[in-house]
file work.tsv (TSV, C-alpha atoms)
chain	number	residue	atom	x	y	z
A	1	GLU	CA	-9.47	-35.07	-17.89
A	2	VAL	CA	-11.64	-31.96	-18.10
A	3	VAL	CA	-11.53	-29.65	-15.10
A	4	GLU	CA	-14.33	-27.18	-14.48
A	5	ARG	CA	-13.15	-23.61	-13.99
A	6	GLU	CA	-14.24	-21.82	-10.85
A	7	ASN	CA	-13.99	-18.43	-12.59
A	8	GLY	CA	-14.61	-17.25	-16.12
A	9	ARG	CA	-11.79	-16.03	-18.35
A	10	ASP	CA	-13.30	-12.55	-18.60
A	11	THR	CA	-11.91	-9.62	-16.61
A	12	HIS	CA	-14.16	-10.21	-13.61
A	13	GLY	CA	-13.37	-13.92	-13.51
A	14	LEU	CA	-9.65	-13.28	-13.81
A	15	ILE	CA	-9.78	-10.70	-11.02
A	16	ALA	CA	-11.64	-13.19	-8.81
A	17	GLN	CA	-8.98	-15.81	-9.59
A	18	LEU	CA	-6.22	-13.29	-8.85
A	19	ARG	CA	-7.74	-12.68	-5.42
A	20	SER	CA	-8.53	-16.24	-4.41
A	21	GLY	CA	-6.77	-18.89	-6.46
A	22	ASP	CA	-3.69	-20.86	-5.56
A	23	ALA	CA	-0.32	-19.36	-6.56
A	24	GLU	CA	-0.32	-20.96	-10.02
A	25	GLN	CA	-3.88	-19.79	-10.73
A	26	ARG	CA	-3.05	-16.28	-9.49
A	27	ARG	CA	0.05	-16.20	-11.72
A	28	TRP	CA	-1.96	-17.19	-14.79
A	29	ALA	CA	-4.68	-14.69	-13.96
A	30	ALA	CA	-2.06	-11.97	-13.59
A	31	ARG	CA	-0.56	-12.89	-16.97
A	32	ASP	CA	-3.97	-12.96	-18.65
A	33	LEU	CA	-4.82	-9.49	-17.32
A	34	ALA	CA	-1.92	-7.88	-19.22
A	35	GLY	CA	-3.18	-4.90	-21.17
A	36	CYS	CA	-6.42	-4.67	-19.20
A	37	GLY	CA	-6.52	-1.10	-17.88
A	38	GLU	CA	-9.71	-1.86	-15.99
A	39	ALA	CA	-7.74	-4.30	-13.80
A	40	ALA	CA	-4.69	-2.08	-13.16
A	41	GLY	CA	-5.84	-0.96	-9.72
A	42	VAL	CA	-6.57	-4.51	-8.60
A	43	MET	CA	-3.25	-5.72	-9.99
A	44	GLY	CA	-1.51	-2.98	-7.99
A	45	GLU	CA	-3.34	-4.01	-4.81
A	46	ARG	CA	-2.47	-7.68	-5.35
A	47	LEU	CA	1.16	-6.77	-6.05
A	48	VAL	CA	1.41	-5.44	-2.50
A	49	ALA	CA	-0.71	-8.18	-0.90
A	50	ASP	CA	0.60	-11.29	-2.66
A	51	THR	CA	3.75	-12.85	-1.24
A	52	ASP	CA	4.52	-15.33	-4.02
A	53	PRO	CA	7.46	-13.99	-6.07
A	54	ARG	CA	6.20	-15.65	-9.28
A	55	VAL	CA	2.81	-13.98	-8.92
A	56	ARG	CA	4.44	-10.63	-8.18
A	57	ASP	CA	6.66	-10.99	-11.24
A	58	ALA	CA	3.65	-11.77	-13.42
A	59	LEU	CA	1.79	-8.78	-11.98
A	60	LEU	CA	4.71	-6.44	-12.69
A	61	THR	CA	5.00	-7.79	-16.23
A	62	SER	CA	1.28	-7.33	-16.82
A	63	LEU	CA	1.28	-3.84	-15.34
A	64	SER	CA	4.22	-2.94	-17.61
A	65	ALA	CA	2.09	-4.06	-20.55
A	66	THR	CA	-0.80	-1.89	-19.36
A	67	PRO	CA	0.42	1.70	-19.66
A	68	GLY	CA	-1.94	4.41	-18.52
A	69	GLU	CA	-3.03	6.57	-15.64
A	70	ALA	CA	-4.55	3.70	-13.66
A	71	THR	CA	-1.28	1.76	-13.82
A	72	VAL	CA	0.78	4.80	-12.87
A	73	ASN	CA	-1.58	5.37	-9.92
A	74	ALA	CA	-1.14	1.74	-8.87
A	75	LEU	CA	2.68	1.81	-9.10
A	76	LEU	CA	3.67	5.24	-7.79
A	77	PRO	CA	2.89	4.42	-4.13
A	78	LEU	CA	5.47	1.62	-4.39
A	79	LEU	CA	8.22	4.25	-4.63
A	80	ARG	CA	7.66	4.62	-0.87
A	81	SER	CA	7.77	0.87	-0.22
A	82	GLU	CA	10.36	-0.61	2.11
A	83	ASP	CA	10.32	-3.72	-0.12
A	84	ALA	CA	13.21	-3.14	-2.53
A	85	VAL	CA	11.98	-5.80	-4.97
A	86	LEU	CA	8.58	-4.12	-5.26
A	87	ARG	CA	10.09	-0.67	-5.46
A	88	ASN	CA	12.60	-1.62	-8.16
A	89	GLY	CA	9.91	-3.48	-10.08
A	90	ALA	CA	7.73	-0.38	-9.98
A	91	ILE	CA	10.63	1.79	-11.21
A	92	GLU	CA	11.25	-0.55	-14.14
A	93	ALA	CA	7.55	-0.79	-14.99
A	94	LEU	CA	7.03	2.98	-14.80
A	95	ALA	CA	10.04	3.52	-17.06
A	96	GLU	CA	8.19	1.54	-19.75
A	97	MET	CA	5.34	4.07	-19.96
A	98	PRO	CA	6.80	7.50	-20.72
A	99	GLN	CA	3.59	9.16	-21.87
A	100	ALA	CA	1.68	8.08	-18.76
A	101	VAL	CA	4.50	9.00	-16.36
A	102	ALA	CA	5.44	12.38	-17.89
A	103	PRO	CA	2.54	14.37	-16.39
A	104	ARG	CA	3.58	13.24	-12.89
A	105	VAL	CA	7.34	13.92	-13.09
A	106	ALA	CA	7.32	17.56	-11.97
A	107	THR	CA	5.29	16.71	-8.86
A	108	LEU	CA	7.46	13.71	-8.06
A	109	LEU	CA	10.62	15.81	-8.33
A	110	ARG	CA	9.18	18.20	-5.72
A	111	ASP	CA	8.22	15.44	-3.28
A	112	ALA	CA	9.23	16.15	0.32
A	113	ASP	CA	10.85	12.71	0.56
A	114	ALA	CA	14.34	12.74	-0.97
A	115	ASP	CA	14.11	8.98	-1.56
A	116	VAL	CA	11.06	9.47	-3.78
A	117	ARG	CA	12.97	12.13	-5.72
A	118	ILE	CA	15.94	9.77	-6.09
A	119	PHE	CA	13.69	6.96	-7.33
A	120	THR	CA	12.08	9.40	-9.76
A	121	VAL	CA	15.52	10.27	-11.10
A	122	ASN	CA	16.15	6.52	-11.46
A	123	ILE	CA	12.98	6.31	-13.55
A	124	LEU	CA	14.15	9.26	-15.65
A	125	GLY	CA	17.44	7.50	-16.34
A	126	LEU	CA	15.44	4.72	-18.03
A	127	LEU	CA	12.53	6.74	-19.45
A	128	LYS	CA	12.44	7.28	-23.21
A	129	HIS	CA	10.92	10.76	-23.22
A	130	PRO	CA	12.14	13.95	-24.93
A	131	ARG	CA	12.06	15.97	-21.67
A	132	VAL	CA	14.29	13.65	-19.62
A	133	GLU	CA	17.38	15.81	-19.98
A	134	GLU	CA	15.40	18.95	-19.10
A	135	TRP	CA	14.02	17.30	-15.95
A	136	LEU	CA	17.43	16.06	-14.87
A	137	ILE	CA	18.99	19.50	-15.36
A	138	ALA	CA	16.18	20.96	-13.25
A	139	VAL	CA	17.13	18.55	-10.46
A	140	LEU	CA	20.73	19.80	-10.63
A	141	MET	CA	19.57	23.40	-10.49
A	142	HIS	CA	16.92	23.17	-7.78
A	143	ASP	CA	17.26	20.08	-5.55
A	144	GLY	CA	19.15	20.64	-2.32
A	145	ASP	CA	19.73	16.97	-1.48
A	146	VAL	CA	23.24	15.83	-2.37
A	147	ASN	CA	22.14	12.23	-3.02
A	148	THR	CA	19.35	13.29	-5.38
A	149	VAL	CA	21.75	15.57	-7.25
A	150	GLY	CA	24.39	12.83	-7.41
A	151	THR	CA	21.84	10.40	-8.83
A	152	ALA	CA	20.82	13.02	-11.41
A	153	ILE	CA	24.47	13.52	-12.41
A	154	ASP	CA	24.83	9.76	-12.92
A	155	ALA	CA	21.67	9.68	-15.03
A	156	LEU	CA	22.78	12.68	-17.09
A	157	ALA	CA	26.13	11.00	-17.70
A	158	GLU	CA	24.18	8.18	-19.36
A	159	VAL	CA	21.45	10.07	-21.25
A	160	GLY	CA	22.58	13.70	-21.41
A	161	THR	CA	23.77	15.65	-24.41
A	162	ALA	CA	26.11	18.62	-24.76
A	163	ALA	CA	23.21	20.80	-23.61
A	164	ALA	CA	23.72	19.47	-20.07
A	165	LEU	CA	27.39	20.43	-19.84
A	166	PRO	CA	26.94	23.99	-18.54
call {"tool": "encode", "arguments": {"input": "work.tsv", "output": "structure tokens"}}
result
Amino acid sequence: EVVERENGRDTHGLIAQLRSGDAEQRRWAARDLAGCGEAAGVMGERLVADTDPRVRDALLTSLSATPGEATVNALLPLLRSEDAVLRNGAIEALAEMPQAVAPRVATLLRDADADVRIFTVNILGLLKHPRVEEWLIAVLMHDGDVNTVGTAIDALAEVGTAAALP
């Protein structure tokens, strides 16, 4: 049996399906948008709005496969989310895009919210970037929040070198 598609398989059609299809259609649309930087903002919006865990998982996977400024902009607000699943998914996705995240690290480490700084340190513990150790040492030297510093010590214990010992 041939079924007519309501939306095309191009970016605009997939975005329409992501916004209006049933859960299975939204999940497939999310998967098919992987790597599409043009859709990163919409995927970020849908990640917050959609309640189906399978759709959210597909959105996080697709956003992880779409590194860039638009994806970082879509995921960073989730560091402030009360939804631990979304927040942890954002941390894991951001950790997969070191070049896109790196320009934002210094600002994130100065955020007024200690939780955002802690989540940034969590990202750094996973981030494959040559400045990770430098950033973590800076947290030890300058952050006044004991929990942020403790998280940085834990991360340095995993990724640090002898340079971090002093």
call {"tool": "atom_distance", "arguments": {"input": "work.tsv", "atom1": "CA of Ala164 in chain A", "atom2": "CA of Glu134 in chain A"}}
result
8.4 Å
call {"tool": "closest_residue", "arguments": {"input": "work.tsv", "among": "A:Leu140, A:Pro77, A:Thr71, A:Val146", "to": "Pro166 in chain A", "atoms": "all atoms listed in the file"}}
result
A:Leu140
call {"tool": "closest_residue", "arguments": {"input": "work.tsv", "among": "A:Val132, A:Val55, A:Ala40, A:Leu109", "to": "Asn73 in chain A", "atoms": "all atoms listed in the file"}}
result
A:Ala40
call {"tool": "residues_around", "arguments": {"input": "work.tsv", "residues": "range 100-104 of chain A", "least_positions_apart": "3", "cutoff": "7 Å", "atoms": "all atoms listed in the file", "output": "list in words"}}
result
Pro67, Gly68, Glu69, Val72, Leu94, Met97, Thr107 and Leu108 of chain A
call {"tool": "write_last_selection", "arguments": {"input": "work.tsv", "atoms": "C-alpha atoms", "output": "compact mmCIF listing (two decimals), in the coordinates of the input"}}
result
# COMPACT_ATOMS: atom_id res chain seq x y z
CA PRO A 67 0.42 1.70 -19.66
CA GLY A 68 -1.94 4.41 -18.52
CA GLU A 69 -3.03 6.57 -15.64
CA VAL A 72 0.78 4.80 -12.87
CA LEU A 94 7.03 2.98 -14.80
CA MET A 97 5.34 4.07 -19.96
CA THR A 107 5.29 16.71 -8.86
CA LEU A 108 7.46 13.71 -8.06
call {"tool": "atom_distance", "arguments": {"input": "work.tsv", "atom1": "CA of Leu33 in chain A", "atom2": "CA of His129 in chain A"}}
result
26.3 Å
call {"tool": "residues_around", "arguments": {"input": "work.tsv", "residues": "Leu47 in chain A", "least_positions_apart": "2", "cutoff": "9 Å", "atoms": "only C-alpha atoms", "output": "list of chain:residue names"}}
result
A:Val42, A:Met43, A:Gly44, A:Glu45, A:Ala49, A:Asp50, A:Thr51, A:Val55, A:Arg56, A:Asp57, A:Leu59, A:Leu60, A:Leu86
call {"tool": "residues_around", "arguments": {"input": "work.tsv", "residues": "Ala155 in chain A", "least_positions_apart": "2", "cutoff": "12 Å", "atoms": "only C-alpha atoms", "output": "PyMOL selection string"}}
result
chain A and resi 118-127+132-137+139-140+148-153+157-161+164
call {"tool": "atom_distance", "arguments": {"input": "work.tsv", "atom1": "CA of Glu24 in chain A", "atom2": "CA of Ala58 in chain A"}}
result
10.6 Å
call {"tool": "closest_residue", "arguments": {"input": "work.tsv", "among": "A:Gly144, A:Pro130, A:Pro98, A:Gly89", "to": "Ala112 in chain A", "atoms": "all atoms listed in the file"}}
result
A:Gly144
call {"tool": "closest_residue", "arguments": {"input": "work.tsv", "among": "A:Ala16, A:Ala163, A:Val48, A:Leu156", "to": "Val85 in chain A", "atoms": "all atoms listed in the file"}}
result
A:Val48
call {"tool": "decode", "arguments": {"input": "work.tsv", "residues": "range 66-111 of chain A", "atoms": "N, CA and C atoms", "output": "mmCIF file, in the first residue's frame"}}
result
data_model
loop_
_atom_site.group_PDB
_atom_site.id
_atom_site.type_symbol
_atom_site.label_atom_id
_atom_site.label_comp_id
_atom_site.auth_asym_id
_atom_site.auth_seq_id
_atom_site.Cartn_x
_atom_site.Cartn_y
_atom_site.Cartn_z
ATOM 1 N N THR A 66 25.124 17.744 14.537
ATOM 2 C CA THR A 66 25.015 19.013 13.825
ATOM 3 C C THR A 66 25.814 20.081 14.567
ATOM 4 N N PRO A 67 27.141 19.895 14.681
ATOM 5 C CA PRO A 67 27.924 20.862 15.442
ATOM 6 C C PRO A 67 27.927 22.222 14.761
ATOM 7 N N GLY A 68 27.941 23.253 15.576
ATOM 8 C CA GLY A 68 28.000 24.607 15.041
ATOM 9 C C GLY A 68 27.366 25.588 15.996
ATOM 10 N N GLU A 69 27.482 26.849 15.653
ATOM 11 C CA GLU A 69 26.995 27.915 16.521
ATOM 12 C C GLU A 69 25.496 27.825 16.758
ATOM 13 N N ALA A 70 24.737 27.500 15.712
ATOM 14 C CA ALA A 70 23.277 27.413 15.882
ATOM 15 C C ALA A 70 22.904 26.311 16.873
ATOM 16 N N THR A 71 23.600 25.201 16.819
ATOM 17 C CA THR A 71 23.325 24.102 17.755
ATOM 18 C C THR A 71 23.723 24.493 19.173
ATOM 19 N N VAL A 72 24.881 25.107 19.318
ATOM 20 C CA VAL A 72 25.311 25.556 20.643
ATOM 21 C C VAL A 72 24.283 26.539 21.205
ATOM 22 N N ASN A 73 23.814 27.467 20.367
ATOM 23 C CA ASN A 73 22.802 28.433 20.812
ATOM 24 C C ASN A 73 21.507 27.748 21.223
ATOM 25 N N ALA A 74 21.174 26.646 20.561
ATOM 26 C CA ALA A 74 19.947 25.917 20.892
ATOM 27 C C ALA A 74 20.099 25.129 22.192
ATOM 28 N N LEU A 75 21.301 24.626 22.473
ATOM 29 C CA LEU A 75 21.504 23.755 23.629
ATOM 30 C C LEU A 75 21.911 24.472 24.917
ATOM 31 N N LEU A 76 22.629 25.568 24.814
ATOM 32 C CA LEU A 76 23.111 26.229 26.031
ATOM 33 C C LEU A 76 21.999 26.638 26.990
ATOM 34 N N PRO A 77 20.850 27.131 26.525
ATOM 35 C CA PRO A 77 19.792 27.475 27.487
ATOM 36 C C PRO A 77 19.331 26.283 28.330
ATOM 37 N N LEU A 78 19.550 25.063 27.830
ATOM 38 C CA LEU A 78 19.123 23.880 28.570
ATOM 39 C C LEU A 78 19.977 23.634 29.812
ATOM 40 N N LEU A 79 21.122 24.299 29.916
ATOM 41 C CA LEU A 79 21.922 24.190 31.137
ATOM 42 C C LEU A 79 21.173 24.786 32.327
ATOM 43 N N ARG A 80 20.174 25.610 32.055
ATOM 44 C CA ARG A 80 19.360 26.217 33.110
ATOM 45 C C ARG A 80 18.046 25.472 33.328
ATOM 46 N N SER A 81 17.841 24.398 32.588
ATOM 47 C CA SER A 81 16.587 23.661 32.661
ATOM 48 C C SER A 81 16.466 22.896 33.979
ATOM 49 N N GLU A 82 15.246 22.832 34.481
ATOM 50 C CA GLU A 82 14.962 22.021 35.664
ATOM 51 C C GLU A 82 14.820 20.539 35.297
ATOM 52 N N ASP A 83 14.681 20.266 34.011
ATOM 53 C CA ASP A 83 14.525 18.898 33.504
ATOM 54 C C ASP A 83 15.910 18.267 33.379
ATOM 55 N N ALA A 84 16.244 17.381 34.308
ATOM 56 C CA ALA A 84 17.582 16.788 34.340
ATOM 57 C C ALA A 84 17.900 15.995 33.075
ATOM 58 N N VAL A 85 16.910 15.349 32.487
ATOM 59 C CA VAL A 85 17.152 14.573 31.269
ATOM 60 C C VAL A 85 17.569 15.506 30.134
ATOM 61 N N LEU A 86 16.847 16.614 29.987
ATOM 62 C CA LEU A 86 17.203 17.588 28.947
ATOM 63 C C LEU A 86 18.579 18.193 29.222
ATOM 64 N N ARG A 87 18.793 18.577 30.443
ATOM 65 C CA ARG A 87 20.054 19.213 30.814
ATOM 66 C C ARG A 87 21.230 18.273 30.568
ATOM 67 N N ASN A 88 21.115 17.027 31.014
ATOM 68 C CA ASN A 88 22.204 16.067 30.815
ATOM 69 C C ASN A 88 22.396 15.743 29.338
ATOM 70 N N GLY A 89 21.303 15.674 28.599
ATOM 71 C CA GLY A 89 21.408 15.458 27.156
ATOM 72 C C GLY A 89 22.134 16.605 26.483
ATOM 73 N N ALA A 90 21.839 17.823 26.912
ATOM 74 C CA ALA A 90 22.521 18.991 26.350
ATOM 75 C C ALA A 90 24.010 18.955 26.679
ATOM 76 N N ILE A 91 24.349 18.592 27.910
ATOM 77 C CA ILE A 91 25.760 18.501 28.308
ATOM 78 C C ILE A 91 26.493 17.496 27.426
ATOM 79 N N GLU A 92 25.893 16.331 27.232
ATOM 80 C CA GLU A 92 26.534 15.298 26.403
ATOM 81 C C GLU A 92 26.658 15.749 24.954
ATOM 82 N N ALA A 93 25.619 16.395 24.432
ATOM 83 C CA ALA A 93 25.660 16.859 23.040
ATOM 84 C C ALA A 93 26.709 17.960 22.868
ATOM 85 N N LEU A 94 26.743 18.908 23.796
ATOM 86 C CA LEU A 94 27.721 19.996 23.703
ATOM 87 C C LEU A 94 29.149 19.465 23.789
ATOM 88 N N ALA A 95 29.349 18.425 24.570
ATOM 89 C CA ALA A 95 30.684 17.842 24.711
ATOM 90 C C ALA A 95 31.183 17.225 23.407
ATOM 91 N N GLU A 96 30.269 16.975 22.477
ATOM 92 C CA GLU A 96 30.641 16.378 21.189
ATOM 93 C C GLU A 96 31.078 17.421 20.161
ATOM 94 N N MET A 97 31.032 18.702 20.518
ATOM 95 C CA MET A 97 31.364 19.747 19.548
ATOM 96 C C MET A 97 32.353 20.758 20.116
ATOM 97 N N PRO A 98 33.592 20.312 20.350
ATOM 98 C CA PRO A 98 34.577 21.158 21.024
ATOM 99 C C PRO A 98 34.855 22.485 20.325
ATOM 100 N N GLN A 99 34.942 22.482 19.014
ATOM 101 C CA GLN A 99 35.276 23.732 18.320
ATOM 102 C C GLN A 99 34.147 24.748 18.408
ATOM 103 N N ALA A 100 32.913 24.285 18.434
ATOM 104 C CA ALA A 100 31.771 25.197 18.516
ATOM 105 C C ALA A 100 31.549 25.692 19.947
ATOM 106 N N VAL A 101 31.901 24.870 20.936
ATOM 107 C CA VAL A 101 31.692 25.229 22.343
ATOM 108 C C VAL A 101 32.821 26.120 22.862
ATOM 109 N N ALA A 102 34.035 25.905 22.409
ATOM 110 C CA ALA A 102 35.218 26.595 22.943
ATOM 111 C C ALA A 102 35.056 28.113 23.049
ATOM 112 N N PRO A 103 34.522 28.796 22.048
ATOM 113 C CA PRO A 103 34.406 30.253 22.172
ATOM 114 C C PRO A 103 33.462 30.720 23.285
ATOM 115 N N ARG A 104 32.633 29.830 23.802
ATOM 116 C CA ARG A 104 31.649 30.203 24.818
ATOM 117 C C ARG A 104 32.092 29.843 26.236
ATOM 118 N N VAL A 105 33.161 29.055 26.384
ATOM 119 C CA VAL A 105 33.550 28.526 27.687
ATOM 120 C C VAL A 105 33.869 29.627 28.692
ATOM 121 N N ALA A 106 34.670 30.606 28.306
ATOM 122 C CA ALA A 106 35.063 31.653 29.262
ATOM 123 C C ALA A 106 33.831 32.370 29.821
ATOM 124 N N THR A 107 32.886 32.681 28.979
ATOM 125 C CA THR A 107 31.661 33.352 29.428
ATOM 126 C C THR A 107 30.855 32.449 30.343
ATOM 127 N N LEU A 108 30.743 31.187 29.979
ATOM 128 C CA LEU A 108 29.986 30.245 30.808
ATOM 129 C C LEU A 108 30.620 30.080 32.193
ATOM 130 N N LEU A 109 31.934 30.095 32.249
ATOM 131 C CA LEU A 109 32.619 29.926 33.535
ATOM 132 C C LEU A 109 32.520 31.167 34.415
ATOM 133 N N ARG A 110 32.043 32.272 33.851
ATOM 134 C CA ARG A 110 31.813 33.494 34.642
ATOM 135 C C ARG A 110 30.326 33.719 34.917
ATOM 136 N N ASP A 111 29.478 32.772 34.548
ATOM 137 C CA ASP A 111 28.043 32.939 34.732
ATOM 138 C C ASP A 111 27.727 33.157 36.213
#
